[in-house]
Each structure stands twice: as C-alpha cells, then as structure tokens.
file final_3.cif (mmCIF, C-alpha atoms)
data_query
#
loop_
_atom_site.group_PDB
_atom_site.id
_atom_site.type_symbol
_atom_site.label_atom_id
_atom_site.label_comp_id
_atom_site.auth_asym_id
_atom_site.auth_seq_id
_atom_site.Cartn_x
_atom_site.Cartn_y
_atom_site.Cartn_z
ATOM 1 C CA MET U 385 66.704 92.615 129.783
ATOM 2 C CA GLN U 386 68.019 90.259 127.083
ATOM 3 C CA LYS U 387 65.772 91.886 124.509
ATOM 4 C CA LYS U 388 67.164 95.282 125.454
ATOM 5 C CA ILE U 389 70.757 94.045 125.043
ATOM 6 C CA ILE U 390 70.002 92.539 121.632
ATOM 7 C CA LYS U 391 68.134 95.643 120.484
ATOM 8 C CA SER U 392 70.914 97.997 121.585
ATOM 9 C CA PHE U 393 73.517 95.712 119.999
ATOM 10 C CA ILE U 394 71.673 95.731 116.650
ATOM 11 C CA LEU U 395 71.251 99.512 116.873
ATOM 12 C CA LEU U 396 74.957 100.015 117.568
ATOM 13 C CA PHE U 397 75.828 97.715 114.683
ATOM 14 C CA ILE U 398 73.596 99.687 112.279
ATOM 15 C CA ILE U 399 75.099 102.992 113.478
ATOM 16 C CA PHE U 400 78.585 101.539 112.941
ATOM 17 C CA ILE U 401 77.766 100.380 109.389
ATOM 18 C CA ILE U 402 76.237 103.781 108.507
ATOM 19 C CA GLY U 403 79.300 105.504 110.008
ATOM 20 C CA VAL U 404 81.711 103.376 107.969
ATOM 21 C CA PHE U 405 79.774 104.061 104.740
ATOM 22 C CA PHE U 406 79.535 107.778 105.518
ATOM 23 C CA ILE U 407 83.288 108.124 106.088
ATOM 24 C CA SER U 408 84.224 105.929 103.113
ATOM 25 C CA LEU U 409 81.920 107.669 100.640
ATOM 26 C CA ASN U 410 83.154 111.103 101.652
ATOM 27 C CA LYS U 411 86.777 110.078 101.297
ATOM 28 C CA ASN U 412 88.769 110.743 98.105
ATOM 29 C CA SER U 413 89.032 107.343 96.398
ATOM 30 C CA ILE U 414 92.031 108.342 94.250
ATOM 31 C CA TYR U 415 95.137 107.205 96.050
ATOM 32 C CA ASP U 416 98.444 109.015 95.792
ATOM 33 C CA THR U 417 101.681 108.977 97.726
ATOM 34 C CA LYS U 418 101.795 112.724 98.509
ATOM 35 C CA GLY U 419 101.453 111.936 102.202
ATOM 36 C CA LEU U 420 104.584 109.796 102.294
ATOM 37 C CA VAL U 421 106.955 112.541 103.391
ATOM 38 C CA GLY U 422 109.567 112.512 106.129
ATOM 39 C CA GLN U 423 111.155 109.282 104.935
ATOM 40 C CA LYS U 424 114.823 108.940 104.190
ATOM 41 C CA ILE U 425 115.896 107.941 100.694
ATOM 42 C CA THR U 426 118.314 105.022 100.724
ATOM 43 C CA ASN U 427 120.068 102.650 98.323
ATOM 44 C CA VAL U 428 120.270 105.142 95.476
ATOM 45 C CA GLN U 429 122.128 103.680 92.512
ATOM 46 C CA LEU U 430 121.311 105.664 89.424
ATOM 47 C CA ASP U 431 123.292 105.465 86.177
ATOM 48 C CA HIS U 432 124.582 108.775 84.852
ATOM 49 C CA PHE U 433 122.933 109.752 81.575
ATOM 50 C CA SER U 434 126.130 110.243 79.569
ATOM 51 C CA LYS U 435 129.070 109.338 81.787
ATOM 52 C CA ASN U 436 130.031 105.889 82.947
ATOM 53 C CA LYS U 437 129.451 106.565 86.647
ATOM 54 C CA MET U 438 126.916 106.012 89.381
ATOM 55 C CA ILE U 439 124.864 108.621 91.210
ATOM 56 C CA THR U 440 124.472 107.697 94.871
ATOM 57 C CA GLU U 441 123.300 109.252 98.152
ATOM 58 C CA LYS U 442 126.682 111.009 98.439
ATOM 59 C CA ASN U 443 125.792 113.276 95.525
ATOM 60 C CA PHE U 444 122.669 114.530 97.357
ATOM 61 C CA LYS U 445 124.510 115.227 100.602
ATOM 62 C CA GLU U 446 126.556 117.942 98.902
ATOM 63 C CA ASN U 447 123.435 120.066 98.283
ATOM 64 C CA GLU U 448 121.164 121.950 100.697
ATOM 65 C CA PHE U 449 118.141 120.779 98.713
ATOM 66 C CA THR U 450 117.698 118.523 95.716
ATOM 67 C CA LEU U 451 114.700 118.232 93.436
ATOM 68 C CA ILE U 452 114.581 114.801 91.838
ATOM 69 C CA ASN U 453 112.472 114.967 88.708
ATOM 70 C CA PHE U 454 111.398 111.842 86.805
ATOM 71 C CA TRP U 455 110.715 112.656 83.157
ATOM 72 C CA ALA U 456 110.672 111.259 79.630
ATOM 73 C CA SER U 457 110.529 112.692 76.125
ATOM 74 C CA TRP U 458 107.337 110.705 75.425
ATOM 75 C CA CYS U 459 105.544 112.242 78.410
ATOM 76 C CA ALA U 460 103.340 115.186 77.396
ATOM 77 C CA PRO U 461 102.870 116.704 80.905
ATOM 78 C CA CYS U 462 106.685 116.770 81.220
ATOM 79 C CA ARG U 463 106.680 119.430 78.490
ATOM 80 C CA ASP U 464 104.195 121.508 80.496
ATOM 81 C CA GLU U 465 106.341 121.573 83.622
ATOM 82 C CA HIS U 466 109.610 122.186 81.782
ATOM 83 C CA PRO U 467 109.532 126.023 81.869
ATOM 84 C CA ILE U 468 109.036 125.853 85.650
ATOM 85 C CA LEU U 469 111.976 123.466 86.016
ATOM 86 C CA LEU U 470 114.107 125.943 84.067
ATOM 87 C CA LYS U 471 113.057 128.673 86.502
ATOM 88 C CA LEU U 472 113.856 126.430 89.493
ATOM 89 C CA ASN U 473 117.342 125.824 88.111
ATOM 90 C CA LYS U 474 118.194 129.441 88.965
ATOM 91 C CA GLU U 475 117.652 128.838 92.694
ATOM 92 C CA LYS U 476 120.950 128.918 94.602
ATOM 93 C CA ASN U 477 120.247 126.332 97.298
ATOM 94 C CA LEU U 478 118.589 123.874 94.985
ATOM 95 C CA LYS U 479 120.220 121.266 92.788
ATOM 96 C CA MET U 480 118.183 119.597 90.112
ATOM 97 C CA LEU U 481 118.528 115.895 89.377
ATOM 98 C CA GLY U 482 116.684 114.694 86.321
ATOM 99 C CA VAL U 483 115.966 110.988 85.955
ATOM 100 C CA ASN U 484 115.184 110.030 82.394
ATOM 101 C CA PHE U 485 112.596 107.270 82.741
ATOM 102 C CA LYS U 486 112.195 104.365 80.271
ATOM 103 C CA ASP U 487 113.167 106.539 77.330
ATOM 104 C CA ASN U 488 115.078 106.501 74.083
ATOM 105 C CA LYS U 489 118.399 108.300 74.617
ATOM 106 C CA LYS U 490 118.283 110.120 71.293
ATOM 107 C CA ASN U 491 114.747 111.391 71.899
ATOM 108 C CA ALA U 492 115.695 112.463 75.426
ATOM 109 C CA LYS U 493 118.674 114.468 74.096
ATOM 110 C CA ASN U 494 116.492 116.127 71.442
ATOM 111 C CA PHE U 495 113.908 116.989 74.113
ATOM 112 C CA LEU U 496 116.543 118.825 76.158
ATOM 113 C CA ILE U 497 118.024 120.559 73.114
ATOM 114 C CA GLU U 498 114.552 121.752 72.098
ATOM 115 C CA LEU U 499 113.284 122.881 75.516
ATOM 116 C CA GLY U 500 116.522 123.540 77.417
ATOM 117 C CA ASN U 501 118.305 121.559 80.123
ATOM 118 C CA PRO U 502 117.209 122.472 83.659
ATOM 119 C CA TYR U 503 119.198 119.680 85.338
ATOM 120 C CA ASP U 504 122.483 119.975 87.193
ATOM 121 C CA VAL U 505 122.860 116.215 87.042
ATOM 122 C CA LEU U 506 121.152 113.880 84.638
ATOM 123 C CA ALA U 507 120.565 110.197 85.380
ATOM 124 C CA VAL U 508 118.852 107.430 83.513
ATOM 125 C CA ASP U 509 116.488 104.676 84.653
ATOM 126 C CA ASN U 510 115.977 102.513 81.571
ATOM 127 C CA GLN U 511 113.993 99.714 83.197
ATOM 128 C CA GLY U 512 112.276 101.900 85.793
ATOM 129 C CA LYS U 513 113.563 99.733 88.652
ATOM 130 C CA GLN U 514 115.141 102.653 90.523
ATOM 131 C CA SER U 515 111.865 104.574 90.329
ATOM 132 C CA ILE U 516 110.346 102.031 92.725
ATOM 133 C CA ASN U 517 113.017 102.914 95.273
ATOM 134 C CA PHE U 518 111.754 106.507 95.105
ATOM 135 C CA GLY U 519 108.100 105.449 95.332
ATOM 136 C CA ILE U 520 107.315 106.667 91.800
ATOM 137 C CA TYR U 521 104.234 105.281 90.049
ATOM 138 C CA GLY U 522 103.857 107.531 87.036
ATOM 139 C CA ILE U 523 105.658 110.419 85.426
ATOM 140 C CA PRO U 524 106.199 113.285 85.745
ATOM 141 C CA GLU U 525 106.833 113.024 89.452
ATOM 142 C CA SER U 526 109.227 115.087 91.546
ATOM 143 C CA ILE U 527 110.634 114.726 95.034
ATOM 144 C CA LEU U 528 112.108 117.542 97.075
ATOM 145 C CA ILE U 529 114.721 116.298 99.543
ATOM 146 C CA ASN U 530 117.060 118.004 101.964
ATOM 147 C CA LYS U 531 120.739 117.454 102.793
ATOM 148 C CA ASP U 532 119.874 114.523 105.072
ATOM 149 C CA LEU U 533 117.992 112.854 102.210
ATOM 150 C CA ILE U 534 114.660 113.315 103.943
ATOM 151 C CA ILE U 535 111.662 113.736 101.629
ATOM 152 C CA ILE U 536 110.156 117.194 102.220
ATOM 153 C CA LYS U 537 107.494 117.054 99.536
ATOM 154 C CA LYS U 538 106.304 114.864 96.681
ATOM 155 C CA PHE U 539 104.815 116.337 93.533
ATOM 156 C CA ILE U 540 102.607 113.853 91.717
ATOM 157 C CA GLY U 541 102.099 114.978 88.145
ATOM 158 C CA PRO U 542 103.570 118.118 86.582
ATOM 159 C CA ILE U 543 104.938 120.952 88.721
ATOM 160 C CA PHE U 544 102.683 123.995 88.602
ATOM 161 C CA GLU U 545 103.346 127.656 89.328
ATOM 162 C CA SER U 546 101.996 127.203 92.894
ATOM 163 C CA ASP U 547 104.499 124.362 93.447
ATOM 164 C CA TYR U 548 107.260 126.620 92.151
ATOM 165 C CA GLU U 549 106.334 129.233 94.733
ATOM 166 C CA TYR U 550 106.303 126.582 97.470
ATOM 167 C CA ILE U 551 109.739 125.189 96.508
ATOM 168 C CA LYS U 552 111.136 128.709 96.268
ATOM 169 C CA SER U 553 109.866 129.553 99.750
ATOM 170 C CA ILE U 554 111.453 126.396 101.205
ATOM 171 C CA VAL U 555 114.886 126.711 99.584
ATOM 172 C CA ARG U 556 115.178 130.451 100.235
ATOM 173 C CA LYS U 557 114.575 129.986 103.963
ATOM 174 C CA LYS U 558 118.079 128.575 104.353
ATOM 175 C CA MET E 1384 123.646 48.770 101.611
ATOM 176 C CA LYS E 1385 119.898 48.725 101.000
ATOM 177 C CA LEU E 1386 119.346 50.583 104.268
ATOM 178 C CA LYS E 1387 121.854 53.253 103.234
ATOM 179 C CA ILE E 1388 120.054 53.762 99.923
ATOM 180 C CA ILE E 1389 116.698 54.041 101.696
ATOM 181 C CA ILE E 1390 118.094 56.607 104.194
ATOM 182 C CA TYR E 1391 119.693 58.540 101.311
ATOM 183 C CA LEU E 1392 116.373 58.615 99.400
ATOM 184 C CA ILE E 1393 114.466 59.743 102.508
ATOM 185 C CA LEU E 1394 116.973 62.576 103.115
ATOM 186 C CA LEU E 1395 116.809 63.582 99.450
ATOM 187 C CA ASN E 1396 113.014 63.688 99.662
ATOM 188 C CA PHE E 1397 113.173 65.904 102.749
ATOM 189 C CA ASN E 1398 115.509 68.290 100.914
ATOM 190 C CA ILE E 1399 113.145 68.541 97.941
ATOM 191 C CA VAL E 1400 110.154 69.224 100.229
ATOM 192 C CA ASN E 1401 112.145 71.889 102.113
ATOM 193 C CA ALA E 1402 113.302 73.520 98.891
ATOM 194 C CA GLU E 1403 109.716 73.722 97.675
ATOM 195 C CA THR E 1404 108.434 75.293 100.885
ATOM 196 C CA ASN E 1405 111.332 77.779 101.070
ATOM 197 C CA SER E 1406 111.041 79.005 97.487
ATOM 198 C CA ILE E 1407 108.908 82.119 97.094
ATOM 199 C CA ASP E 1408 106.180 82.158 94.475
ATOM 200 C CA SER E 1409 106.452 85.549 92.755
ATOM 201 C CA ASN E 1410 102.918 85.189 91.309
ATOM 202 C CA ASN E 1411 101.529 84.891 94.813
ATOM 203 C CA ILE E 1412 103.234 88.188 95.733
ATOM 204 C CA PHE E 1413 101.931 89.887 92.550
ATOM 205 C CA LYS E 1414 98.381 88.817 93.471
ATOM 206 C CA ASN E 1415 98.743 90.440 96.894
ATOM 207 C CA LEU E 1416 99.910 93.770 95.447
ATOM 208 C CA ARG E 1417 97.505 96.439 94.252
ATOM 209 C CA CYS E 1418 98.233 98.191 90.958
ATOM 210 C CA LEU E 1419 98.113 101.837 92.055
ATOM 211 C CA ILE E 1420 97.254 103.240 88.637
ATOM 212 C CA CYS E 1421 94.625 100.631 87.676
ATOM 213 C CA GLN E 1422 90.959 100.314 88.611
ATOM 214 C CA GLY E 1423 90.565 97.338 90.943
ATOM 215 C CA GLN E 1424 93.407 95.290 89.446
ATOM 216 C CA SER E 1425 96.257 93.529 91.155
ATOM 217 C CA VAL E 1426 99.828 93.731 89.874
ATOM 218 C CA ALA E 1427 99.364 90.125 88.652
ATOM 219 C CA ASP E 1428 96.335 91.101 86.525
ATOM 220 C CA SER E 1429 97.712 94.345 85.163
ATOM 221 C CA ASN E 1430 99.991 94.916 82.219
ATOM 222 C CA SER E 1431 100.588 98.586 82.978
ATOM 223 C CA GLU E 1432 104.063 100.138 83.052
ATOM 224 C CA PHE E 1433 103.856 100.378 86.837
ATOM 225 C CA ALA E 1434 102.845 96.728 87.286
ATOM 226 C CA GLN E 1435 105.596 95.548 84.935
ATOM 227 C CA THR E 1436 108.213 97.505 86.867
ATOM 228 C CA ILE E 1437 106.947 96.191 90.206
ATOM 229 C CA LYS E 1438 107.180 92.634 88.819
ATOM 230 C CA LEU E 1439 110.818 93.213 87.808
ATOM 231 C CA VAL E 1440 111.699 94.636 91.225
ATOM 232 C CA VAL E 1441 109.958 91.804 93.119
ATOM 233 C CA LYS E 1442 111.775 89.187 90.997
ATOM 234 C CA ASP E 1443 115.082 90.964 91.682
ATOM 235 C CA GLN E 1444 114.406 91.005 95.411
ATOM 236 C CA ILE E 1445 113.565 87.287 95.405
ATOM 237 C CA LYS E 1446 116.846 86.644 93.564
ATOM 238 C CA ASN E 1447 118.659 88.672 96.234
ATOM 239 C CA GLY E 1448 117.243 86.368 98.902
ATOM 240 C CA LYS E 1449 114.604 88.700 100.364
ATOM 241 C CA SER E 1450 111.704 87.026 102.148
ATOM 242 C CA GLU E 1451 108.060 87.628 101.194
ATOM 243 C CA SER E 1452 107.444 89.847 104.229
ATOM 244 C CA GLU E 1453 110.640 91.843 103.544
ATOM 245 C CA ILE E 1454 109.400 92.523 100.002
ATOM 246 C CA TYR E 1455 105.989 93.684 101.305
ATOM 247 C CA ASP E 1456 107.707 95.873 103.936
ATOM 248 C CA PHE E 1457 109.874 97.493 101.265
ATOM 249 C CA LEU E 1458 106.888 98.286 99.030
ATOM 250 C CA VAL E 1459 104.746 99.504 101.956
ATOM 251 C CA GLU E 1460 107.592 101.847 102.944
ATOM 252 C CA LYS E 1461 107.714 103.274 99.413
ATOM 253 C CA TYR E 1462 104.004 103.357 98.515
ATOM 254 C CA GLY E 1463 102.093 103.083 101.787
ATOM 255 C CA GLU E 1464 99.818 100.317 103.089
ATOM 256 C CA TRP E 1465 97.445 100.773 100.148
ATOM 257 C CA ILE E 1466 99.776 98.764 97.900
ATOM 258 C CA VAL E 1467 99.095 95.498 99.758
ATOM 259 C CA TYR E 1468 95.680 93.874 99.673
ATOM 260 C CA LYS E 1469 96.197 92.335 103.099
ATOM 261 C CA PRO E 1470 96.470 95.194 105.603
ATOM 262 C CA PRO E 1471 99.228 94.791 108.196
ATOM 263 C CA PHE E 1472 98.265 94.117 111.821
ATOM 264 C CA ASN E 1473 98.922 97.375 113.652
ATOM 265 C CA LYS E 1474 97.187 99.918 115.933
ATOM 266 C CA VAL E 1475 95.393 101.642 113.051
ATOM 267 C CA ASN E 1476 94.078 98.399 111.559
ATOM 268 C CA LEU E 1477 93.318 96.728 114.892
ATOM 269 C CA LEU E 1478 89.544 97.148 114.553
ATOM 270 C CA LEU E 1479 89.643 95.860 110.981
ATOM 271 C CA TRP E 1480 91.332 92.647 112.125
ATOM 272 C CA LEU E 1481 89.306 92.115 115.286
ATOM 273 C CA LEU E 1482 85.856 93.018 113.976
ATOM 274 C CA PRO E 1483 85.163 89.702 112.179
ATOM 275 C CA TYR E 1484 86.027 87.776 115.350
ATOM 276 C CA LEU E 1485 83.932 90.149 117.485
ATOM 277 C CA ALA E 1486 80.991 89.758 115.093
ATOM 278 C CA PHE E 1487 81.412 85.964 115.225
ATOM 279 C CA VAL E 1488 81.454 85.865 119.026
ATOM 280 C CA SER E 1489 78.568 88.345 119.338
ATOM 281 C CA GLY E 1490 76.513 86.297 116.876
ATOM 282 C CA GLY E 1491 77.172 83.208 118.979
ATOM 283 C CA VAL E 1492 76.092 85.043 122.134
ATOM 284 C CA ILE E 1493 72.853 86.231 120.460
ATOM 285 C CA ILE E 1494 72.057 82.711 119.221
ATOM 286 C CA PHE E 1495 72.833 81.298 122.674
ATOM 287 C CA LEU E 1496 70.547 83.854 124.365
ATOM 288 C CA LEU E 1497 67.717 83.170 121.901
ATOM 289 C CA PHE E 1498 67.991 79.414 122.409
ATOM 290 C CA LYS E 1499 68.124 79.878 126.164
ATOM 291 C CA LYS E 1500 64.997 82.011 126.050
ATOM 292 C CA ARG E 1501 63.117 79.451 123.957
ATOM 293 C CA PHE E 1502 64.267 76.645 126.262
ATOM 294 C CA ASN E 1503 63.026 78.569 129.322
ATOM 295 C CA ASN E 1504 59.686 79.219 127.662
#

call {"tool": "encode", "arguments": {"input": "final_3.cif", "output": "structure tokens"}}
result
Amino acid sequence: MQKKIIKSFILLFIIFIIGVFFISLNKNSIYDTKGLVGQKITNVQLDHFSKNKMITEKNFKENEFTLINFWASWCAPCRDEHPILLKLNKEKNLKMLGVNFKDNKKNAKNFLIELGNPYDVLAVDNQGKQSINFGIYGIPESILINKDLIIIKKFIGPIFESDYEYIKSIVRKK
Amino acid sequence: MKLKIIIYLILLNFNIVNAETNSIDSNNIFKNLRCLICQGQSVADSNSEFAQTIKLVVKDQIKNGKSESEIYDFLVEKYGEWIVYKPPFNKVNLLLWLLPYLAFVSGGVIIFLLFKKRFNN
C-alpha cells in the first residue's frame, strides 16, 4: 500500500514537472504590456511642449477618444509610423496627443517641420518620468483611451496599417 | 543629572534605530524589479533608458513618503506582475507559493514512511 502511494506520488510529480516545462516552453518569452487594458489613467501631469501650462486628465475628458503617442526625433521607428499618425489626425472623434520623450527640443521641432505635425496637443517628457505613469517601456508606444480615461488598446512599437484600421473602426463606431 | 543623561542617550539611540529601520533602501527595490527590455537583468544591474527612468521614479516616490509595497503596487499596476521578481500572493500564484511547502511536507512523509517500513522489517 505504502509503495503504491509513493509510486503514484512520484508519477504525479513527474507529470507535473513535464506539464510545467511543456507550458513554459510553448509560451512566448517576450513580455509586453499589450494585455494591460481596461485600466484608468490617473495623475497625468505633462508639460506642454511650447506653452507654459500643464496637460492633465481634464484635457482628455473633452475628447471621445485620445491617442497618446510617445515619440522622439532620435527614434527611427517613429518615422515609419508618422504617415499613419497623419492619417489618424483626420479622424473626427479622435484627438492626438504627442509626448516628446527625452528629446532635444530643436530636433523635435525639425522632425515635425520635416514630416508634418499630426498632433492636436503636444507635450514633453524630458526625463521620461511621466512615461512610467503610462506604463511605457520603449518608444514608439501609443495608447488609445476613451472619454473616461480607460485604456482601450496599447500599441507597442510603431503603428502599422492594420492598427490604423483598428483605431478607425473603434472611433467611427461612436 | 547622570540618570537624565543616560535616559536621553537611550532615547536618542532608539530614535536612530527607528530611523534606520523606517528608511527605505532604494537599491533593495531596484534589485527586486525586473528590467523589461533587458535579458535577465534587474533594474539595479541595468543601465538602460528604461532602468534609469524607473530608478528616478522610485527615488521620487520614496521622497514623497511612499512605502516599499506602495511602490511595487504602483509599478505592478502599470507594467503587470512581471516587473517584480517576487510574485505577489494571490489566487493565480497560490500554487507557486504553496508548492515548496507541499514538497517539503510530502518529502517528510515519504522519509517517515520509509523509516517506519525499515523499523518494522
């Protein structure tokens, strides 16, 4: 009887270990925060890019949807997504907030002069501290939020044509 | 007078000990945070942009009087449980926390049964 218990215990343990390895090895090991949707954004205190004023939650509440895009002139993928951001700027229900991340102001201005300015409001995050409040860990990153400041979707990396179609379908539903 | 000085010194000592235990060691927090863009490095080990920003934010939060657990909670809310090396005790992680204890107890039971068997023989 005891032998049977020990044997079955060892067998169960081996099955468990194999199961854990099987699940872990088949799982994507690259972590991202795409799944962190449905949260409310709070304590927003962004400096305006050119004016001496703060951008807070109040500014988001005025819009049906807001796309918060973290970018910099030194970021190559930001150039790739720029034409799509310009297209998104034409959407009625969507306001675009650009957050210039750890950048040189002059270079940032030149970047927008060269490629066009897709942003309705432009903020700056020189030290990157505010990016942590948005759960950003690399740029470009974009967050689509609604009127209630709830995160609908996170875009890690540049925005592609498929993302454009998705955003368009969401904001046009309203 | 001497007694007063001794009492004063004892109280002063207590205050110093309390201050030391209440102060939060930022390096300890950095060691418990995973650098999300690095391969197997903690925020303490990494010099990446992300790690540097996290360090600034953690220092700011300590300055603002946030406790260690409040800082972890804030970062878990923003980046998910993956950012902390020590997983929080909740329903999802229950097995992870209990398994070492279960293995320990089961091992003890097996050893006990084996000894009992030998003793009987």

call {"tool": "interface_residues", "arguments": {"input": "final_3.cif", "of": "chain E", "to": "chain U", "cutoff": "9 Å", "atoms": "all atoms listed in the file", "output": "list in words"}}
result
Leu1419, Ile1420, Glu1432, Phe1433, Thr1436, Ile1437, Leu1439, Val1440, Phe1457, Leu1458, Glu1460, Lys1461, Tyr1462, Gly1463, Trp1465, Ser1489, Ile1493, Leu1496, Leu1497 and Lys1500 of chain E

call {"tool": "write_last_selection", "arguments": {"input": "final_3.cif", "atoms": "C-alpha atoms", "output": "short mmCIF file (atom, residue, chain, number, x, y, z; two decimals), in the frame of the given file"}}
result
data_model
loop_
_atom_site.label_atom_id
_atom_site.label_comp_id
_atom_site.auth_asym_id
_atom_site.auth_seq_id
_atom_site.Cartn_x
_atom_site.Cartn_y
_atom_site.Cartn_z
CA LEU E 1419 98.11 101.84 92.06
CA ILE E 1420 97.25 103.24 88.64
CA GLU E 1432 104.06 100.14 83.05
CA PHE E 1433 103.86 100.38 86.84
CA THR E 1436 108.21 97.50 86.87
CA ILE E 1437 106.95 96.19 90.21
CA LEU E 1439 110.82 93.21 87.81
CA VAL E 1440 111.70 94.64 91.22
CA PHE E 1457 109.87 97.49 101.26
CA LEU E 1458 106.89 98.29 99.03
CA GLU E 1460 107.59 101.85 102.94
CA LYS E 1461 107.71 103.27 99.41
CA TYR E 1462 104.00 103.36 98.52
CA GLY E 1463 102.09 103.08 101.79
CA TRP E 1465 97.44 100.77 100.15
CA SER E 1489 78.57 88.34 119.34
CA ILE E 1493 72.85 86.23 120.46
CA LEU E 1496 70.55 83.85 124.36
CA LEU E 1497 67.72 83.17 121.90
CA LYS E 1500 65.00 82.01 126.05
#

call {"tool": "atom_distance", "arguments": {"input": "final_3.cif", "atom1": "CA of Met385 (chain U)", "atom2": "CA of Asn1503 (chain E)"}}
result
14.5 Å

call {"tool": "atom_distance", "arguments": {"input": "final_3.cif", "atom1": "CA of Glu545 (chain U)", "atom2": "CA of Lys479 (chain U)"}}
result
18.4 Å

call {"tool": "resolve_selection", "arguments": {"input": "final_3.cif", "expression": "the PyMOL selection byres ((chain U and resi 495) around 12)", "output": "VMD selection string"}}
result
chain U and resid 455 to 460 462 to 463 466 484 487 to 494 496 to 502

call {"tool": "resolve_selection", "arguments": {"input": "final_3.cif", "expression": "the PyMOL selection byres ((chain U and resi 473) around 12)", "output": "ChimeraX atom specification"}}
result
/U:449-453,466-472,474-482,500-505,548,551-552,555

call {"tool": "atom_distance", "arguments": {"input": "final_3.cif", "atom1": "CA of Phe444 (chain U)", "atom2": "CA of Asn1447 (chain E)"}}
result
26.2 Å

call {"tool": "residues_around", "arguments": {"input": "final_3.cif", "residues": "Leu1482 (chain E)", "least_positions_apart": "5", "cutoff": "12 Å", "atoms": "all atoms listed in the file", "output": "MDAnalysis selection string"}}
result
(chainID U and resid 397 400:401) or (chainID E and resid 1476:1477 1487:1490)

call {"tool": "write_last_selection", "arguments": {"input": "final_3.cif", "atoms": "C-alpha atoms", "output": "PDB file, in the frame of the given file"}}
result
ATOM      1  CA  PHE U 397      75.828  97.715 114.683  1.00  0.00           C
ATOM      2  CA  PHE U 400      78.585 101.539 112.941  1.00  0.00           C
ATOM      3  CA  ILE U 401      77.766 100.380 109.389  1.00  0.00           C
TER       4      ILE U 401
ATOM      5  CA  ASN E1476      94.078  98.399 111.559  1.00  0.00           C
ATOM      6  CA  LEU E1477      93.318  96.728 114.892  1.00  0.00           C
ATOM      7  CA  PHE E1487      81.412  85.964 115.225  1.00  0.00           C
ATOM      8  CA  VAL E1488      81.454  85.865 119.026  1.00  0.00           C
ATOM      9  CA  SER E1489      78.568  88.345 119.338  1.00  0.00           C
ATOM     10  CA  GLY E1490      76.513  86.297 116.876  1.00  0.00           C
TER      11      GLY E1490
END

call {"tool": "residues_around", "arguments": {"input": "final_3.cif", "residues": "Leu1416 (chain E)", "least_positions_apart": "5", "cutoff": "12 Å", "atoms": "all atoms listed in the file", "output": "number ranges by chain"}}
result
E: 1409-1411, 1421, 1423-1429, 1433-1434, 1437-1438, 1441, 1451, 1454-1456, 1458-1459, 1462-1470

call {"tool": "residues_around", "arguments": {"input": "final_3.cif", "residues": "Ile1407 (chain E)", "least_positions_apart": "3", "cutoff": "12 Å", "atoms": "only C-alpha atoms", "output": "list in words"}}
result
Asn1401, Ala1402, Glu1403, Thr1404, Asn1410, Asn1411, Ile1412, Phe1413, Val1441, Lys1442, Gln1444, Ile1445, Lys1446, Asn1447, Gly1448, Lys1449, Ser1450, Glu1451, Ser1452, Glu1453 and Ile1454 of chain E

call {"tool": "write_last_selection", "arguments": {"input": "final_3.cif", "atoms": "C-alpha atoms", "output": "CSV table (one decimal), in the frame of the given file"}}
result
chain,number,residue,atom,x,y,z
E,1401,ASN,CA,112.1,71.9,102.1
E,1402,ALA,CA,113.3,73.5,98.9
E,1403,GLU,CA,109.7,73.7,97.7
E,1404,THR,CA,108.4,75.3,100.9
E,1410,ASN,CA,102.9,85.2,91.3
E,1411,ASN,CA,101.5,84.9,94.8
E,1412,ILE,CA,103.2,88.2,95.7
E,1413,PHE,CA,101.9,89.9,92.6
E,1441,VAL,CA,110.0,91.8,93.1
E,1442,LYS,CA,111.8,89.2,91.0
E,1444,GLN,CA,114.4,91.0,95.4
E,1445,ILE,CA,113.6,87.3,95.4
E,1446,LYS,CA,116.8,86.6,93.6
E,1447,ASN,CA,118.7,88.7,96.2
E,1448,GLY,CA,117.2,86.4,98.9
E,1449,LYS,CA,114.6,88.7,100.4
E,1450,SER,CA,111.7,87.0,102.1
E,1451,GLU,CA,108.1,87.6,101.2
E,1452,SER,CA,107.4,89.8,104.2
E,1453,GLU,CA,110.6,91.8,103.5
E,1454,ILE,CA,109.4,92.5,100.0

call {"tool": "resolve_selection", "arguments": {"input": "final_3.cif", "expression": "the PyMOL selection byres ((chain U and resi 438) around 12)", "output": "ChimeraX atom specification"}}
result
/U:427-437,439-443,505-509

call {"tool": "decode", "arguments": {"input": "final_3.cif", "residues": "region 1452-1479 of chain E", "atoms": "C-alpha atoms", "output": "tab-separated table (two decimals), in the first residue's frame"}}
result
chain	number	residue	atom	x	y	z
E	1452	SER	CA	4.85	47.92	-1.04
E	1453	GLU	CA	3.08	51.03	-2.40
E	1454	ILE	CA	5.92	51.49	-4.91
E	1455	TYR	CA	5.67	47.82	-6.01
E	1456	ASP	CA	1.86	48.13	-6.29
E	1457	PHE	CA	2.21	51.23	-8.47
E	1458	LEU	CA	4.67	49.53	-10.83
E	1459	VAL	CA	2.66	46.28	-10.95
E	1460	GLU	CA	-0.42	48.33	-11.89
E	1461	LYS	CA	1.49	49.98	-14.75
E	1462	TYR	CA	3.59	47.06	-16.03
E	1463	GLY	CA	1.99	43.90	-14.66
E	1464	GLU	CA	3.32	41.35	-12.16
E	1465	TRP	CA	6.26	40.53	-14.43
E	1466	ILE	CA	8.09	43.66	-13.28
E	1467	VAL	CA	8.62	42.30	-9.75
E	1468	TYR	CA	10.87	39.33	-9.12
E	1469	LYS	CA	8.85	38.30	-6.08
E	1470	PRO	CA	5.36	37.35	-7.30
E	1471	PRO	CA	2.51	38.68	-5.15
E	1472	PHE	CA	0.48	36.21	-3.07
E	1473	ASN	CA	-2.85	35.90	-4.86
E	1474	LYS	CA	-5.22	33.27	-6.33
E	1475	VAL	CA	-3.20	32.91	-9.54
E	1476	ASN	CA	0.12	32.48	-7.74
E	1477	LEU	CA	-1.26	30.35	-4.90
E	1478	LEU	CA	0.27	27.12	-6.22
E	1479	LEU	CA	3.61	28.83	-6.78
